[in-house]
Amino acid sequence: MQYDLTEEQRMLRDMVSRLAKEKVAPGAIERDEKGEFSWEMVELMRENGLYGIDFPEAYGGSGAGMLALAIAVEELSKVDAACGLLLADQELGSLPIMLAGNEDQKKKYLPKLASGEFLAAFALTEPVAGSDVARLRCRAVKDGDSYIINGTKTFITNGGVADVITVYAVTDPEKPMHRNAGVFVVEKDTPGFSVGKEENKMGIRWSNTVELVFEDCRVPAENLLGEDGQGFHLMMKTLDFSRPAVAAQALGIAAGAMEYAVNYAKDREAFGTQIINHQGVGFKLADMAMKIEAARQLLYKTCAVFQELPKDMSRLTPSQIRMSSMSKCLCSDVAMWVTTEAVQVLGGYGYIKEFPVERMMRDAKITQIYEGTNEIQRLVISRTL
Ligand code: COS
């Protein structure tokens with residue numbers, strides 16, 4: 001029985017780790033300060049074939065699976081969480097097509113998403129709600145061979161830079177909740193679609209986060225993914241499949257902060273010895289190591305389970321759903337705790353922008369919020385027990 005990474009997964013980890021240290025880490029502080037989307041980082045992901053890691057080989061991906069994707073996101077996020085998010089969000093925006101797209105839709109979009117020629121975004125949250133998906137208000141009304149979409153989506157990662165956006169909209173409010181919506185592929189040049197306000201964020205600052213506005217936006221009916229009425233379930237399944245990538249981002253942030261704190265604690269002296277020798281510091285680092293490794297084991301196990309599952313609209317079991325939510329919740333809680341303690345280990349330096357743990361602490365916070373708050377994850381977990 002194998003309970004370890006494969007040779008290919010190790011090679012990928014080493015390759016992405018090198019790339020992260022040599023090409024991503026050097027500009028991380030500047031990108032964070034500027035808060036402008038980095039096409040240079042997109043190009044780096046494209047050149048190294050990283051966008052297609054978890055895309056099927058039949059559609060131009062490398063078919064390496066979800067664990068490989070998690071490993072890549074983790075390595076990138078060790079030095080720059082917004083860079084890890086480039087891969088995680090490509091997966092999130094593309095998953096509705098992978099899960100519910102027909103052959104024509106898959107052929108049309110997936111190869112370009114796998115290569116990174118197209119960027120994807122996922123549009124679910126609205127100003128009125130993010131957690132309570134069943135009460136979202138964006139509408140899509142069938143009109144002949146099209147649907148006309150009206151509404152506003154908010155906090156959409158990559159919304160202003162994406163070529164294709166998968167959009168959730170209620171198609172028939174008379175139908176029962178959870179069975180009254182659809183998910184549509186909207187291409188960026190569609191008339192009636194526009195990008196609104198760009199958010200100025202606490203963390204993952206150079207990642208693009210915007211409002212999207214749909215005003216009589218007419219999309220061909222053939223852009224509906226799966227069946228009309230299936231939208232809620234498609235979005236839930238998308239999130240089950242995508243949350244492990246957010247967990248990987250959080251894990252990477254935690255591991256990056258710990259590595260920095262350990263090196264600092266070996267270097268810095270107080271009371272005649274390196275501060276790692278003081279239990280007040282050494283025990284913090286020990287707790288970091290335990291929590292990170294426990295979170296990593298849960299995440300990798302979840303990825304190993306999910307990558308064997310068919311990417312279609314079949315139902316997941318409660319235990320599969322629970323594993324996805326547990327990974328996201330645990331890894332992000334660990335990231336918040338570890339980064340806060342890493343700042344503490346560095347003392348005054350931890351509070352200064354020249355030292356990366358300050359940014360990591362700000363970056364960690366969003367992982368407890370997006371793709372379902374950790375309160376929602378606990379709700380999902382408790383409902384499946
Ligand atoms: N995976 C698969 N199916 C799920 C599911 C999940 N995680 N959660 C719920 N479902 C299914 C249920 O099995 C149920 O199916 P049936 O209608 O066939 O019985 C249906 O969806 C409705 O479930 P429920 O009654 O639990 O729905 P609620 O309206 O109470 O909402 C939560 C459930 C809160 C869990 C859901 O709205 C959610 O996940 N919200 C968070 C969304 C989110 O992550 N937002 C962040 C923005 S995206 S970056």
# chains A, B, ... in the order shown; residues from 1 in each chain; ligands from 1
$ residues_around --residues "region 288-303 of chain A" --least-positions-apart "6" --cutoff "8 Å" --atoms "only C-alpha atoms" --output "PyMOL selection string"
chain A and resi 66-67+70+244+247-248+251+254-255+258+320+323-324+327-328+330-331+334+338
$ write_last_selection --atoms "N, CA, C and O atoms" --output "PDB file, in the first residue's frame"
ATOM      1  N   MET A  66      -6.142  16.264  -8.534  1.00  0.00           N
ATOM      2  CA  MET A  66      -6.365  17.312  -7.548  1.00  0.00           C
ATOM      3  C   MET A  66      -5.233  17.417  -6.521  1.00  0.00           C
ATOM      4  O   MET A  66      -4.912  18.505  -6.052  1.00  0.00           O
ATOM      5  N   LEU A  67      -4.608  16.296  -6.203  1.00  0.00           N
ATOM      6  CA  LEU A  67      -3.503  16.358  -5.239  1.00  0.00           C
ATOM      7  C   LEU A  67      -2.325  17.124  -5.845  1.00  0.00           C
ATOM      8  O   LEU A  67      -1.690  17.952  -5.174  1.00  0.00           O
ATOM      9  N   ALA A  70      -3.151  20.723  -5.639  1.00  0.00           N
ATOM     10  CA  ALA A  70      -2.989  21.213  -4.267  1.00  0.00           C
ATOM     11  C   ALA A  70      -1.505  21.453  -3.954  1.00  0.00           C
ATOM     12  O   ALA A  70      -1.143  22.454  -3.328  1.00  0.00           O
ATOM     13  N   PRO A 244     -10.835  22.214  -1.584  1.00  0.00           N
ATOM     14  CA  PRO A 244      -9.482  21.740  -1.288  1.00  0.00           C
ATOM     15  C   PRO A 244      -8.381  22.646  -1.855  1.00  0.00           C
ATOM     16  O   PRO A 244      -7.303  22.742  -1.266  1.00  0.00           O
ATOM     17  N   ALA A 247      -7.957  25.310   0.564  1.00  0.00           N
ATOM     18  CA  ALA A 247      -7.247  24.715   1.708  1.00  0.00           C
ATOM     19  C   ALA A 247      -5.751  24.672   1.416  1.00  0.00           C
ATOM     20  O   ALA A 247      -4.917  24.975   2.278  1.00  0.00           O
ATOM     21  N   ALA A 248      -5.399  24.330   0.183  1.00  0.00           N
ATOM     22  CA  ALA A 248      -3.979  24.254  -0.204  1.00  0.00           C
ATOM     23  C   ALA A 248      -3.341  25.636  -0.154  1.00  0.00           C
ATOM     24  O   ALA A 248      -2.179  25.785   0.250  1.00  0.00           O
ATOM     25  N   LEU A 251      -2.801  26.352   3.489  1.00  0.00           N
ATOM     26  CA  LEU A 251      -1.697  25.529   3.997  1.00  0.00           C
ATOM     27  C   LEU A 251      -0.348  26.104   3.575  1.00  0.00           C
ATOM     28  O   LEU A 251       0.599  26.165   4.371  1.00  0.00           O
ATOM     29  N   ALA A 254       0.495  29.103   5.638  1.00  0.00           N
ATOM     30  CA  ALA A 254       0.939  28.674   6.973  1.00  0.00           C
ATOM     31  C   ALA A 254       2.369  28.139   6.930  1.00  0.00           C
ATOM     32  O   ALA A 254       3.222  28.505   7.754  1.00  0.00           O
ATOM     33  N   ALA A 255       2.639  27.287   5.950  1.00  0.00           N
ATOM     34  CA  ALA A 255       3.976  26.680   5.864  1.00  0.00           C
ATOM     35  C   ALA A 255       5.039  27.737   5.568  1.00  0.00           C
ATOM     36  O   ALA A 255       6.157  27.680   6.111  1.00  0.00           O
ATOM     37  N   MET A 258       5.639  29.698   8.761  1.00  0.00           N
ATOM     38  CA  MET A 258       6.397  28.908   9.744  1.00  0.00           C
ATOM     39  C   MET A 258       7.879  28.847   9.371  1.00  0.00           C
ATOM     40  O   MET A 258       8.755  29.022  10.227  1.00  0.00           O
ATOM     41  N   GLN A 320     -17.770  12.415   1.817  1.00  0.00           N
ATOM     42  CA  GLN A 320     -16.933  13.138   0.844  1.00  0.00           C
ATOM     43  C   GLN A 320     -17.129  14.649   0.998  1.00  0.00           C
ATOM     44  O   GLN A 320     -16.163  15.417   1.025  1.00  0.00           O
ATOM     45  N   MET A 323     -15.338  15.841   4.081  1.00  0.00           N
ATOM     46  CA  MET A 323     -13.868  15.935   3.974  1.00  0.00           C
ATOM     47  C   MET A 323     -13.441  17.229   3.302  1.00  0.00           C
ATOM     48  O   MET A 323     -12.473  17.871   3.710  1.00  0.00           O
ATOM     49  N   SER A 324     -14.165  17.607   2.265  1.00  0.00           N
ATOM     50  CA  SER A 324     -13.825  18.845   1.559  1.00  0.00           C
ATOM     51  C   SER A 324     -13.961  20.043   2.503  1.00  0.00           C
ATOM     52  O   SER A 324     -13.061  20.884   2.601  1.00  0.00           O
ATOM     53  N   SER A 327     -11.274  20.054   5.286  1.00  0.00           N
ATOM     54  CA  SER A 327      -9.951  20.487   4.802  1.00  0.00           C
ATOM     55  C   SER A 327      -9.874  21.998   4.727  1.00  0.00           C
ATOM     56  O   SER A 327      -8.908  22.611   5.178  1.00  0.00           O
ATOM     57  N   LYS A 328     -10.902  22.578   4.125  1.00  0.00           N
ATOM     58  CA  LYS A 328     -10.903  24.036   3.945  1.00  0.00           C
ATOM     59  C   LYS A 328     -10.912  24.730   5.303  1.00  0.00           C
ATOM     60  O   LYS A 328     -10.162  25.680   5.554  1.00  0.00           O
ATOM     61  N   LEU A 330     -10.121  23.517   8.392  1.00  0.00           N
ATOM     62  CA  LEU A 330      -8.937  23.281   9.228  1.00  0.00           C
ATOM     63  C   LEU A 330      -7.708  24.026   8.684  1.00  0.00           C
ATOM     64  O   LEU A 330      -7.012  24.720   9.432  1.00  0.00           O
ATOM     65  N   CYS A 331      -7.461  23.880   7.391  1.00  0.00           N
ATOM     66  CA  CYS A 331      -6.255  24.517   6.824  1.00  0.00           C
ATOM     67  C   CYS A 331      -6.324  26.037   6.997  1.00  0.00           C
ATOM     68  O   CYS A 331      -5.310  26.675   7.298  1.00  0.00           O
ATOM     69  N   VAL A 334      -5.822  26.990  10.661  1.00  0.00           N
ATOM     70  CA  VAL A 334      -4.396  26.810  10.978  1.00  0.00           C
ATOM     71  C   VAL A 334      -3.588  27.971  10.393  1.00  0.00           C
ATOM     72  O   VAL A 334      -2.701  28.520  11.052  1.00  0.00           O
ATOM     73  N   VAL A 338      -1.285  30.228  12.649  1.00  0.00           N
ATOM     74  CA  VAL A 338       0.171  30.172  12.436  1.00  0.00           C
ATOM     75  C   VAL A 338       0.715  31.541  12.048  1.00  0.00           C
ATOM     76  O   VAL A 338       1.756  31.974  12.565  1.00  0.00           O
TER      77      VAL A 338
END
$ residues_near_ligand --ligand "ligand 1" --cutoff "8 Å" --atoms "only C-alpha atoms and all ligand atoms" --output "PyMOL selection string"
chain A and resi 122-125+130-135+156+177-179+232-233+236-237+239-240+315-316+321-322+325+369-373+376-377+379-380+383
$ write_last_selection --atoms "N, CA, C and O atoms" --output "compact mmCIF listing (two decimals), in the first residue's frame"
# COMPACT_ATOMS: atom_id res chain seq x y z
N PHE A 122 -15.68 32.71 -11.34
CA PHE A 122 -16.86 32.00 -10.83
C PHE A 122 -17.74 33.06 -10.14
O PHE A 122 -17.27 33.72 -9.21
N ALA A 123 -18.95 33.24 -10.64
CA ALA A 123 -19.78 34.34 -10.14
C ALA A 123 -21.01 33.80 -9.43
O ALA A 123 -22.00 33.40 -10.06
N LEU A 124 -20.93 33.80 -8.10
CA LEU A 124 -22.04 33.29 -7.29
C LEU A 124 -22.52 34.39 -6.34
O LEU A 124 -23.69 34.81 -6.38
N THR A 125 -21.61 34.92 -5.53
CA THR A 125 -21.97 35.89 -4.48
C THR A 125 -22.58 37.17 -5.05
O THR A 125 -22.16 37.66 -6.08
N GLY A 130 -24.02 35.73 0.22
CA GLY A 130 -22.91 34.92 -0.25
C GLY A 130 -23.04 33.52 0.30
O GLY A 130 -22.81 32.53 -0.39
N SER A 131 -23.47 33.45 1.57
CA SER A 131 -23.63 32.15 2.22
C SER A 131 -24.96 31.49 1.86
O SER A 131 -25.03 30.28 1.63
N ASP A 132 -26.01 32.31 1.80
CA ASP A 132 -27.36 31.77 1.57
C ASP A 132 -27.65 31.74 0.07
O ASP A 132 -28.40 32.55 -0.46
N VAL A 133 -27.05 30.75 -0.57
CA VAL A 133 -27.10 30.67 -2.04
C VAL A 133 -28.53 30.59 -2.56
O VAL A 133 -28.88 31.17 -3.59
N ALA A 134 -29.39 29.88 -1.83
CA ALA A 134 -30.76 29.68 -2.31
C ALA A 134 -31.54 30.99 -2.41
O ALA A 134 -32.57 31.05 -3.07
N ARG A 135 -31.07 32.03 -1.75
CA ARG A 135 -31.80 33.30 -1.80
C ARG A 135 -31.12 34.35 -2.69
O ARG A 135 -31.44 35.54 -2.59
N ILE A 156 -15.98 39.12 -6.93
CA ILE A 156 -15.66 38.04 -7.88
C ILE A 156 -14.16 38.05 -8.23
O ILE A 156 -13.68 38.95 -8.90
N MET A 177 -37.25 26.32 -4.10
CA MET A 177 -35.85 26.68 -3.80
C MET A 177 -34.95 25.49 -4.09
O MET A 177 -35.37 24.35 -3.93
N HIS A 178 -33.74 25.73 -4.46
CA HIS A 178 -32.75 24.70 -4.78
C HIS A 178 -33.01 24.02 -6.13
O HIS A 178 -32.23 23.20 -6.56
N ARG A 179 -34.14 24.33 -6.77
CA ARG A 179 -34.43 23.74 -8.07
C ARG A 179 -34.89 24.79 -9.06
O ARG A 179 -35.65 24.52 -9.98
N PHE A 232 -28.34 25.15 -8.40
CA PHE A 232 -27.94 25.11 -6.99
C PHE A 232 -27.04 23.89 -6.73
O PHE A 232 -25.96 24.01 -6.14
N HIS A 233 -27.49 22.75 -7.18
CA HIS A 233 -26.71 21.53 -6.93
C HIS A 233 -25.37 21.57 -7.65
O HIS A 233 -24.36 21.08 -7.13
N MET A 236 -23.10 23.75 -5.54
CA MET A 236 -22.66 23.04 -4.33
C MET A 236 -21.56 22.04 -4.66
O MET A 236 -20.54 21.93 -3.96
N LYS A 237 -21.75 21.30 -5.75
CA LYS A 237 -20.75 20.29 -6.10
C LYS A 237 -19.45 20.96 -6.55
O LYS A 237 -18.35 20.48 -6.24
N LEU A 239 -18.29 23.71 -5.39
CA LEU A 239 -17.59 24.13 -4.16
C LEU A 239 -16.98 22.94 -3.42
O LEU A 239 -15.87 23.04 -2.88
N ASP A 240 -17.68 21.81 -3.43
CA ASP A 240 -17.09 20.61 -2.81
C ASP A 240 -15.74 20.28 -3.47
O ASP A 240 -14.78 19.92 -2.79
N ARG A 315 -24.25 12.30 -7.25
CA ARG A 315 -24.23 12.82 -5.87
C ARG A 315 -22.98 12.38 -5.12
O ARG A 315 -22.55 11.23 -5.24
N LEU A 316 -22.44 13.27 -4.32
CA LEU A 316 -21.34 12.90 -3.42
C LEU A 316 -21.93 12.30 -2.16
O LEU A 316 -23.09 12.58 -1.81
N ILE A 321 -18.39 15.06 1.10
CA ILE A 321 -18.68 16.49 1.29
C ILE A 321 -18.00 16.99 2.56
O ILE A 321 -17.38 18.06 2.59
N ARG A 322 -18.08 16.18 3.61
CA ARG A 322 -17.50 16.58 4.90
C ARG A 322 -15.98 16.74 4.79
O ARG A 322 -15.42 17.69 5.33
N SER A 325 -15.07 20.10 3.21
CA SER A 325 -15.29 21.24 4.13
C SER A 325 -14.31 21.21 5.30
O SER A 325 -13.83 22.26 5.73
N ILE A 369 -12.77 33.04 4.94
CA ILE A 369 -14.02 33.68 4.51
C ILE A 369 -14.51 33.17 3.16
O ILE A 369 -15.67 32.79 3.01
N TYR A 370 -13.61 33.17 2.14
CA TYR A 370 -14.17 32.87 0.81
C TYR A 370 -14.34 31.37 0.55
O TYR A 370 -13.88 30.55 1.31
N GLU A 371 -15.08 31.10 -0.51
CA GLU A 371 -15.55 29.74 -0.86
C GLU A 371 -16.28 29.09 0.30
O GLU A 371 -16.16 27.89 0.55
N GLY A 372 -17.05 29.93 0.99
CA GLY A 372 -17.83 29.48 2.13
C GLY A 372 -17.10 29.81 3.41
O GLY A 372 -15.99 29.32 3.65
N THR A 373 -17.70 30.67 4.21
CA THR A 373 -17.06 31.04 5.48
C THR A 373 -16.83 29.78 6.32
O THR A 373 -17.48 28.76 6.11
N ILE A 376 -19.95 28.48 7.71
CA ILE A 376 -20.68 27.61 6.77
C ILE A 376 -20.04 26.23 6.70
O ILE A 376 -20.73 25.21 6.66
N GLN A 377 -18.70 26.18 6.71
CA GLN A 377 -18.05 24.85 6.67
C GLN A 377 -18.47 24.03 7.89
O GLN A 377 -18.74 22.83 7.78
N LEU A 379 -21.19 24.31 9.53
CA LEU A 379 -22.59 23.92 9.30
C LEU A 379 -22.65 22.68 8.41
O LEU A 379 -23.35 21.70 8.70
N VAL A 380 -21.88 22.73 7.31
CA VAL A 380 -21.86 21.60 6.38
C VAL A 380 -21.36 20.34 7.11
O VAL A 380 -21.96 19.26 6.99
N ARG A 383 -23.93 19.05 9.65
CA ARG A 383 -25.12 18.44 9.02
C ARG A 383 -24.84 17.06 8.47
O ARG A 383 -25.75 16.28 8.25
$ residues_around --residues "region 87-102 of chain A" --least-positions-apart "5" --cutoff "7 Å" --atoms "only C-alpha atoms" --output "CSV table (one decimal) with all heavy atoms, in the first residue's frame"
chain,number,residue,atom,x,y,z
A,51,TYR,N,-1.6,25.8,-15.3
A,51,TYR,CA,-3.0,26.0,-15.3
A,51,TYR,C,-3.8,24.7,-15.5
A,51,TYR,O,-4.9,24.5,-15.0
A,51,TYR,CB,-3.5,27.0,-16.4
A,51,TYR,CG,-3.4,28.4,-15.9
A,51,TYR,CD1,-2.5,29.3,-16.5
A,51,TYR,CD2,-4.2,28.9,-14.8
A,51,TYR,CE1,-2.5,30.7,-16.1
A,51,TYR,CE2,-4.1,30.2,-14.4
A,51,TYR,CZ,-3.2,31.1,-15.0
A,51,TYR,OH,-3.2,32.4,-14.6
A,73,VAL,N,-0.4,24.7,-5.7
A,73,VAL,CA,-1.0,25.9,-5.0
A,73,VAL,C,-0.3,26.1,-3.7
A,73,VAL,O,0.0,27.2,-3.4
A,73,VAL,CB,-2.5,25.7,-4.8
A,73,VAL,CG1,-3.1,26.8,-4.0
A,73,VAL,CG2,-3.3,25.6,-6.2
A,119,LEU,N,-8.7,32.9,-19.0
A,119,LEU,CA,-8.8,32.9,-17.6
A,119,LEU,C,-10.3,32.7,-17.2
A,119,LEU,O,-11.2,33.2,-18.0
A,119,LEU,CB,-8.3,34.2,-16.9
A,119,LEU,CG,-6.8,34.4,-17.1
A,119,LEU,CD1,-6.3,35.6,-16.2
A,119,LEU,CD2,-5.9,33.2,-16.8
A,120,ALA,N,-10.6,32.1,-16.1
A,120,ALA,CA,-11.9,31.8,-15.7
A,120,ALA,C,-12.3,32.5,-14.4
A,120,ALA,O,-11.4,32.8,-13.6
A,120,ALA,CB,-12.1,30.3,-15.5
A,121,ALA,N,-13.5,32.8,-14.2
A,121,ALA,CA,-14.0,33.4,-12.9
A,121,ALA,C,-15.3,32.7,-12.6
A,121,ALA,O,-16.0,32.1,-13.5
A,121,ALA,CB,-14.2,34.9,-13.0
A,122,PHE,N,-15.7,32.7,-11.3
A,122,PHE,CA,-16.9,32.0,-10.8
A,122,PHE,C,-17.7,33.1,-10.1
A,122,PHE,O,-17.3,33.7,-9.2
A,122,PHE,CB,-16.4,31.0,-9.8
A,122,PHE,CG,-17.4,30.2,-9.0
A,122,PHE,CD1,-18.0,29.1,-9.6
A,122,PHE,CD2,-17.7,30.6,-7.7
A,122,PHE,CE1,-18.9,28.4,-8.8
A,122,PHE,CE2,-18.6,29.9,-7.0
A,122,PHE,CZ,-19.2,28.8,-7.5
A,165,ILE,N,-16.8,33.5,-17.6
A,165,ILE,CA,-17.3,33.5,-16.2
A,165,ILE,C,-18.5,32.6,-16.1
A,165,ILE,O,-19.4,32.6,-17.0
A,165,ILE,CB,-17.8,35.0,-15.9
A,165,ILE,CG1,-16.6,35.9,-16.1
A,165,ILE,CG2,-18.3,35.1,-14.5
A,165,ILE,CD1,-16.8,37.0,-17.0
A,166,THR,N,-18.5,31.7,-15.1
A,166,THR,CA,-19.6,30.8,-14.9
A,166,THR,C,-20.5,31.5,-13.8
A,166,THR,O,-20.1,31.8,-12.7
A,166,THR,CB,-19.1,29.4,-14.4
A,166,THR,OG1,-18.0,29.6,-13.5
A,166,THR,CG2,-18.7,28.6,-15.6
A,225,LEU,N,-25.2,25.4,-18.5
A,225,LEU,CA,-24.5,24.2,-18.1
A,225,LEU,C,-25.4,23.2,-17.4
A,225,LEU,O,-26.1,23.5,-16.4
A,225,LEU,CB,-23.3,24.5,-17.2
A,225,LEU,CG,-22.2,25.4,-17.8
A,225,LEU,CD1,-21.3,25.9,-16.7
A,225,LEU,CD2,-21.4,24.6,-18.9
A,226,GLY,N,-25.5,22.0,-17.9
A,226,GLY,CA,-26.4,21.0,-17.3
A,226,GLY,C,-27.9,21.4,-17.6
A,226,GLY,O,-28.1,22.1,-18.6
A,234,LEU,N,-25.3,22.2,-8.8
A,234,LEU,CA,-24.1,22.3,-9.6
A,234,LEU,C,-23.1,23.2,-8.8
A,234,LEU,O,-21.9,22.9,-8.7
A,234,LEU,CB,-24.3,22.9,-11.0
A,234,LEU,CG,-23.1,23.2,-11.8
A,234,LEU,CD1,-22.1,22.0,-11.9
A,234,LEU,CD2,-23.5,23.6,-13.2
A,238,THR,N,-19.6,22.1,-7.3
A,238,THR,CA,-18.4,22.8,-7.6
A,238,THR,C,-17.6,23.2,-6.4
A,238,THR,O,-16.4,23.0,-6.3
A,238,THR,CB,-18.8,24.1,-8.4
A,238,THR,OG1,-19.4,23.7,-9.6
A,238,THR,CG2,-17.6,25.0,-8.7
A,242,SER,N,-13.9,22.4,-5.2
A,242,SER,CA,-12.9,23.5,-5.3
A,242,SER,C,-12.3,23.9,-3.9
A,242,SER,O,-11.2,24.5,-3.8
A,242,SER,CB,-13.5,24.8,-5.9
A,242,SER,OG,-14.5,25.3,-5.0
A,245,ALA,N,-8.6,23.3,-3.0
A,245,ALA,CA,-7.6,24.2,-3.5
A,245,ALA,C,-7.4,25.4,-2.6
A,245,ALA,O,-6.3,25.9,-2.5
A,245,ALA,CB,-7.9,24.6,-4.9
A,246,VAL,N,-8.5,25.9,-2.0
A,246,VAL,CA,-8.4,27.0,-1.1
A,246,VAL,C,-7.7,26.5,0.2
A,246,VAL,O,-6.8,27.2,0.7
A,246,VAL,CB,-9.8,27.6,-0.7
A,246,VAL,CG1,-9.7,28.5,0.5
A,246,VAL,CG2,-10.4,28.3,-1.9
A,311,LYS,N,-16.1,13.4,-12.5
A,311,LYS,CA,-16.5,14.8,-12.6
A,311,LYS,C,-17.7,14.9,-13.4
A,311,LYS,O,-17.7,15.1,-14.6
A,311,LYS,CB,-15.3,15.6,-13.2
A,311,LYS,CG,-14.2,15.9,-12.3
A,311,LYS,CD,-13.5,17.2,-12.5
A,311,LYS,CE,-12.4,17.6,-11.6
A,311,LYS,NZ,-11.1,17.0,-12.0
A,312,ASP,N,-18.9,14.6,-12.7
A,312,ASP,CA,-20.2,14.7,-13.4
A,312,ASP,C,-21.2,15.2,-12.3
A,312,ASP,O,-20.8,15.6,-11.2
A,312,ASP,CB,-20.6,13.4,-14.0
A,312,ASP,CG,-20.6,12.2,-13.0
A,312,ASP,OD1,-20.7,12.5,-11.8
A,312,ASP,OD2,-20.5,11.1,-13.4
A,313,MET,N,-22.5,15.0,-12.6
A,313,MET,CA,-23.4,15.5,-11.6
A,313,MET,C,-23.9,14.4,-10.7
A,313,MET,O,-25.0,14.6,-10.0
A,313,MET,CB,-24.6,16.2,-12.4
A,313,MET,CG,-24.2,17.6,-12.9
A,313,MET,SD,-23.6,18.7,-11.5
A,313,MET,CE,-25.1,19.0,-10.6
$ residues_around --residues "Thr339 (chain A)" --least-positions-apart "5" --cutoff "12 Å" --atoms "only C-alpha atoms" --output "PyMOL selection string"
chain A and resi 78+250-261+284-285+288+292+331-334+344-346+350-351+356-365
$ residues_around --residues "Pro56 (chain A)" --least-positions-apart "4" --cutoff "10 Å" --atoms "only C-alpha atoms" --output "MDAnalysis selection string"
chainID A and resid 52 60:65 98 110:111 114 311
$ write_last_selection --atoms "N, CA, C and O atoms" --output "PDB file, in the first residue's frame"
ATOM      1  N   GLY A  52      -3.142  23.774 -16.316  1.00  0.00           N
ATOM      2  CA  GLY A  52      -3.866  22.570 -16.742  1.00  0.00           C
ATOM      3  C   GLY A  52      -3.693  21.363 -15.837  1.00  0.00           C
ATOM      4  O   GLY A  52      -4.130  20.265 -16.186  1.00  0.00           O
ATOM      5  N   GLY A  60      -6.881  18.822 -23.175  1.00  0.00           N
ATOM      6  CA  GLY A  60      -5.663  19.638 -23.171  1.00  0.00           C
ATOM      7  C   GLY A  60      -4.978  19.800 -21.825  1.00  0.00           C
ATOM      8  O   GLY A  60      -3.951  20.473 -21.735  1.00  0.00           O
ATOM      9  N   GLY A  61      -5.545  19.205 -20.784  1.00  0.00           N
ATOM     10  CA  GLY A  61      -4.910  19.322 -19.469  1.00  0.00           C
ATOM     11  C   GLY A  61      -3.833  18.270 -19.286  1.00  0.00           C
ATOM     12  O   GLY A  61      -3.625  17.424 -20.161  1.00  0.00           O
ATOM     13  N   SER A  62      -3.163  18.319 -18.132  1.00  0.00           N
ATOM     14  CA  SER A  62      -2.173  17.267 -17.908  1.00  0.00           C
ATOM     15  C   SER A  62      -2.750  16.111 -17.102  1.00  0.00           C
ATOM     16  O   SER A  62      -2.075  15.108 -16.911  1.00  0.00           O
ATOM     17  N   GLY A  63      -3.979  16.247 -16.622  1.00  0.00           N
ATOM     18  CA  GLY A  63      -4.644  15.133 -15.950  1.00  0.00           C
ATOM     19  C   GLY A  63      -3.896  14.626 -14.725  1.00  0.00           C
ATOM     20  O   GLY A  63      -4.003  13.468 -14.354  1.00  0.00           O
ATOM     21  N   ALA A  64      -3.129  15.522 -14.098  1.00  0.00           N
ATOM     22  CA  ALA A  64      -2.302  15.084 -12.958  1.00  0.00           C
ATOM     23  C   ALA A  64      -3.123  14.959 -11.674  1.00  0.00           C
ATOM     24  O   ALA A  64      -2.651  14.364 -10.699  1.00  0.00           O
ATOM     25  N   GLY A  65      -4.326  15.533 -11.649  1.00  0.00           N
ATOM     26  CA  GLY A  65      -5.225  15.314 -10.514  1.00  0.00           C
ATOM     27  C   GLY A  65      -5.198  16.402  -9.467  1.00  0.00           C
ATOM     28  O   GLY A  65      -4.370  17.324  -9.477  1.00  0.00           O
ATOM     29  N   MET A  98     -16.544  21.480 -16.257  1.00  0.00           N
ATOM     30  CA  MET A  98     -16.064  20.089 -16.151  1.00  0.00           C
ATOM     31  C   MET A  98     -17.168  19.178 -15.619  1.00  0.00           C
ATOM     32  O   MET A  98     -17.325  18.041 -16.058  1.00  0.00           O
ATOM     33  N   LEU A 110     -12.646  24.118 -22.386  1.00  0.00           N
ATOM     34  CA  LEU A 110     -11.633  23.536 -21.484  1.00  0.00           C
ATOM     35  C   LEU A 110     -10.191  23.597 -22.010  1.00  0.00           C
ATOM     36  O   LEU A 110      -9.281  23.925 -21.237  1.00  0.00           O
ATOM     37  N   PRO A 111      -9.961  23.325 -23.318  1.00  0.00           N
ATOM     38  CA  PRO A 111      -8.551  23.384 -23.752  1.00  0.00           C
ATOM     39  C   PRO A 111      -7.934  24.772 -23.542  1.00  0.00           C
ATOM     40  O   PRO A 111      -6.772  24.872 -23.128  1.00  0.00           O
ATOM     41  N   ALA A 114      -7.306  25.183 -19.864  1.00  0.00           N
ATOM     42  CA  ALA A 114      -6.197  24.324 -19.407  1.00  0.00           C
ATOM     43  C   ALA A 114      -4.846  24.944 -19.755  1.00  0.00           C
ATOM     44  O   ALA A 114      -3.884  24.834 -18.991  1.00  0.00           O
ATOM     45  N   LYS A 311     -16.064  13.375 -12.539  1.00  0.00           N
ATOM     46  CA  LYS A 311     -16.452  14.785 -12.610  1.00  0.00           C
ATOM     47  C   LYS A 311     -17.739  14.858 -13.427  1.00  0.00           C
ATOM     48  O   LYS A 311     -17.734  15.068 -14.643  1.00  0.00           O
TER      49      LYS A 311
END
$ closest_residue --among "A:Glu40, A:Glu8, A:Glu30, A:Asp14" --to "Lys353 (chain A)" --atoms "only C-alpha atoms"
A:Glu30
$ closest_residue --among "A:Arg243, A:Lys106, A:Arg268, A:Arg139" --to "Val185 (chain A)" --atoms "only C-alpha atoms"
A:Lys106
$ atom_distance --atom1 "CA of Met202 (chain A)" --atom2 "CA of Ile71 (chain A)"
25.3 Å
$ select_by_dssp --residues "region 158-260 of chain A" --states "helix (DSSP H, G or I)" --output "PyMOL selection string"
chain A and resi 221-223+231-260
$ closest_residue --among "A:Thr154, A:Gln2, A:Thr317, A:Ser38" --to "Thr384 (chain A)" --atoms "only C-alpha atoms"
A:Thr317
$ residues_around --residues "Ala181 (chain A)" --least-positions-apart "4" --cutoff "10 Å" --atoms "only C-alpha atoms" --output "PyMOL selection string"
chain A and resi 134+136-140+168-173+175-177+227-234
$ atom_distance --atom1 "CA of Thr6 (chain A)" --atom2 "CA of Lys23 (chain A)"
25.3 Å
$ closest_residue --among "A:Leu385, A:Val262, A:Ala28, A:Leu50" --to "Ser77 (chain A)" --atoms "only C-alpha atoms"
A:Ala28
